[in-house]
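Engineer: Let me begin by handing over the structure; questions about it come next.
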Amino acid sequence: MTHRVAILISGAGSNMRALVEDMIGDHPARPALVLSSNPDAPGLAWARDRGLDTAVVDHRAYGDDRAGVDAEIAAHLASRRIEMICLAGFMRVLTDAFVTAWQGRMINVHPSLLPKYRGLNTHARALAAGEREAGCTVHEVTPELDVGPILGQARVAVHPGDTPDSLAARVLEKEHILYPEVLRRVVTGDRRRLDMG
């Protein structure tokens, strides 16, 4: 059975592209929807150019009504019969009710070696702390931010003279390898932690 996957983005969608490109050919999942919180997200144009189904839920139209945003997202997911969600640079915090409804079927990639450096500005914080290695984590999404069960991690060395940008670039390369591999495993029922160098 082929799993129908929605990928949620807010920007360029480089992890979305890595996931989509990996799902070509012999793969247990297919990209059934690319949904963005930003109507001008460059990732939407990339997805449309490849014939993928896309949708926009612009949170600005809802003001403070987070539940309304999530209800519209849920409607798009239902209409496409989505079975799994991949967050890929989706810069919105989803409501607890939405996350609970999708728990076990929603994963995210985070640019740190969780549980270290939850939230934002991960690379600057890792450098300020004098870390010798950094990396990325794919985890299940739970109502508490960035604390869901870890499904995979990939590590990079921190180099002398690294800046947040240079470190981010190396970590992003690892994200593009780790995230597709974890998705491939999860949709076949394999939730064993994957560790990559």
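Labels used: A, B, ... for chains in the order of the structure tokens, numbers from 1 for residues in each chain, and numbers from 1 for ligands as shown.
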If you run DSSP on the backbone here, which positions in region 5-168 of chain A get strand (DSSP E)? Please write them as a PyMOL selection string.
Structural biologist: chain A and resi 5-9+29-36+54-56+84-87+106-110+133-140+150-157
Engineer: Could you write out the selected residues, including N, CA and C atoms, as a short mmCIF file (atom, residue, chain, number, x, y, z; two decimals), in the first residue's frame?
Structural biologist:
data_model
loop_
_atom_site.label_atom_id
_atom_site.label_comp_id
_atom_site.auth_asym_id
_atom_site.auth_seq_id
_atom_site.Cartn_x
_atom_site.Cartn_y
_atom_site.Cartn_z
N VAL A 5 1.24 11.23 1.49
CA VAL A 5 1.98 12.13 2.38
C VAL A 5 1.69 13.58 2.02
N ALA A 6 1.46 14.41 3.05
CA ALA A 6 1.40 15.86 2.89
C ALA A 6 2.68 16.44 3.46
N ILE A 7 3.25 17.40 2.73
CA ILE A 7 4.45 18.08 3.19
C ILE A 7 4.09 19.54 3.42
N LEU A 8 4.31 20.03 4.64
CA LEU A 8 3.94 21.40 5.01
C LEU A 8 5.19 22.26 5.05
N ILE A 9 5.14 23.39 4.34
CA ILE A 9 6.28 24.28 4.19
C ILE A 9 5.86 25.72 4.46
N ALA A 29 5.68 5.53 -0.30
CA ALA A 29 4.86 6.73 -0.09
C ALA A 29 4.87 7.59 -1.35
N ARG A 30 3.87 8.46 -1.42
CA ARG A 30 3.78 9.41 -2.53
C ARG A 30 3.42 10.79 -1.98
N PRO A 31 3.98 11.86 -2.57
CA PRO A 31 3.61 13.21 -2.14
C PRO A 31 2.24 13.59 -2.70
N ALA A 32 1.23 13.59 -1.84
CA ALA A 32 -0.13 13.84 -2.29
C ALA A 32 -0.54 15.30 -2.13
N LEU A 33 0.24 16.09 -1.36
CA LEU A 33 -0.08 17.50 -1.15
C LEU A 33 1.15 18.22 -0.62
N VAL A 34 1.39 19.42 -1.17
CA VAL A 34 2.35 20.36 -0.58
C VAL A 34 1.54 21.57 -0.14
N LEU A 35 1.51 21.82 1.16
CA LEU A 35 0.70 22.91 1.72
C LEU A 35 1.62 23.92 2.36
N SER A 36 1.36 25.20 2.10
CA SER A 36 2.19 26.27 2.65
C SER A 36 1.37 27.26 3.45
N THR A 54 -1.09 21.36 -4.65
CA THR A 54 -0.64 22.34 -3.65
C THR A 54 -1.85 23.07 -3.05
N ALA A 55 -1.62 23.63 -1.87
CA ALA A 55 -2.64 24.43 -1.20
C ALA A 55 -1.95 25.46 -0.33
N VAL A 56 -2.66 26.56 -0.05
CA VAL A 56 -2.15 27.61 0.82
C VAL A 56 -3.18 27.85 1.92
N MET A 84 -0.04 10.68 6.27
CA MET A 84 1.18 11.04 7.01
C MET A 84 1.51 12.49 6.67
N ILE A 85 1.97 13.25 7.69
CA ILE A 85 2.39 14.64 7.50
C ILE A 85 3.88 14.75 7.78
N CYS A 86 4.58 15.44 6.87
CA CYS A 86 5.98 15.80 7.09
C CYS A 86 6.07 17.32 7.18
N LEU A 87 6.51 17.83 8.33
CA LEU A 87 6.76 19.26 8.46
C LEU A 87 8.16 19.54 7.92
N MET A 106 2.78 12.24 12.19
CA MET A 106 3.35 13.53 11.80
C MET A 106 4.78 13.60 12.31
N ILE A 107 5.71 13.90 11.38
CA ILE A 107 7.12 13.98 11.74
C ILE A 107 7.69 15.32 11.30
N ASN A 108 8.83 15.67 11.92
CA ASN A 108 9.46 16.96 11.67
C ASN A 108 10.96 16.77 11.67
N VAL A 109 11.65 17.65 10.94
CA VAL A 109 13.11 17.69 11.02
C VAL A 109 13.50 18.98 11.73
N HIS A 110 14.42 18.85 12.68
CA HIS A 110 14.85 19.99 13.49
C HIS A 110 16.37 20.12 13.39
N GLU A 133 30.21 19.21 18.06
CA GLU A 133 29.43 18.64 16.97
C GLU A 133 28.02 19.21 17.02
N ALA A 134 27.40 19.19 15.87
CA ALA A 134 26.02 19.65 15.74
C ALA A 134 25.33 18.65 14.82
N GLY A 135 24.13 18.99 14.39
CA GLY A 135 23.44 18.06 13.51
C GLY A 135 21.96 18.33 13.44
N CYS A 136 21.22 17.30 13.07
CA CYS A 136 19.77 17.43 12.88
C CYS A 136 19.08 16.19 13.43
N THR A 137 17.80 16.36 13.69
CA THR A 137 16.98 15.31 14.29
C THR A 137 15.65 15.22 13.55
N VAL A 138 15.22 14.02 13.22
CA VAL A 138 13.85 13.79 12.77
C VAL A 138 13.11 13.14 13.94
N HIS A 139 11.97 13.72 14.28
CA HIS A 139 11.23 13.25 15.45
C HIS A 139 9.73 13.27 15.19
N GLU A 140 9.02 12.49 15.98
CA GLU A 140 7.57 12.56 15.95
C GLU A 140 7.14 13.89 16.56
N ILE A 150 12.51 10.48 19.16
CA ILE A 150 13.51 10.69 18.12
C ILE A 150 13.53 9.47 17.19
N LEU A 151 13.40 9.73 15.90
CA LEU A 151 13.41 8.67 14.88
C LEU A 151 14.76 8.58 14.18
N GLY A 152 15.52 9.67 14.18
CA GLY A 152 16.82 9.63 13.54
C GLY A 152 17.61 10.90 13.81
N GLN A 153 18.93 10.76 13.80
CA GLN A 153 19.81 11.92 13.94
C GLN A 153 21.00 11.76 13.00
N ALA A 154 21.50 12.89 12.52
CA ALA A 154 22.72 12.93 11.73
C ALA A 154 23.62 14.01 12.31
N ARG A 155 24.93 13.74 12.36
CA ARG A 155 25.88 14.62 13.05
C ARG A 155 26.87 15.22 12.06
N VAL A 156 27.31 16.44 12.39
CA VAL A 156 28.41 17.08 11.66
C VAL A 156 29.37 17.66 12.69
N ALA A 157 30.64 17.71 12.33
CA ALA A 157 31.64 18.34 13.21
C ALA A 157 31.50 19.86 13.12
#
Engineer: So which residues touch Glu72 (chain A) within 12 Å, counting only C-alpha atoms, skipping near sequence neighbours fewer than 3 positions away, as a list in words?
Structural biologist: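 Using only C-alpha atoms, the neighbours found are Leu35, Ser36, Ser37, Ala55, Val56, Val57, Asp58, His59, Ala61, Tyr62, Asp65, Arg66, Ala67, Gly68, Val69, Ala75, His76, Leu77, Ala78, Ser79, Leu94 and Phe98 of chain A.
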Engineer: List the spatial neighbours of region 142-148 of chain A as a list in words - criterion: any atom at most 7 Å away, only C-alpha atoms, same-chain residues fewer than 5 positions off excluded.
Structural biologist: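 Answer for this query is Asp96, Val99, Thr100, Gln103, Pro115 and Arg118 of chain A.
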Engineer: Once DSSP has gone over the backbone, tell me which residues of region 69-109 of chain A are in alpha helix (DSSP H), as a PyMOL selection string.
Structural biologist: chain A and resi 69-79+96-102
Engineer: For region 10-27 of chain A, list every protein, DNA or RNA residue within 6 Å, evaluated using only C-alpha atoms, and leave out those in the same chain fewer than 4 positions away; present the list as a PyMOL selection string.
Structural biologist: chain A and resi 36-38+41-43+88-91+176+180
Engineer: In Å, how far is it from CA of Asp40 (chain A) to CA of Leu120 (chain A)?
Structural biologist: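 Atom-to-atom, CA of Asp40 (chain A) to CA of Leu120 (chain A), that is 22.0 Å.
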Engineer: Could you work out how far CA of Ile82 (chain A) lies from CA of Gly63 (chain A), giving the answer in Å with one decimal?
Structural biologist: 26.5 Å
Engineer: Would you mind reading off the distance between CA of Ala74 (chain A) and CA of Leu52 (chain A), one decimal, in Å?
Structural biologist: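 Between CA of Ala74 (chain A) and CA of Leu52 (chain A) the gap is 18.4 Å.
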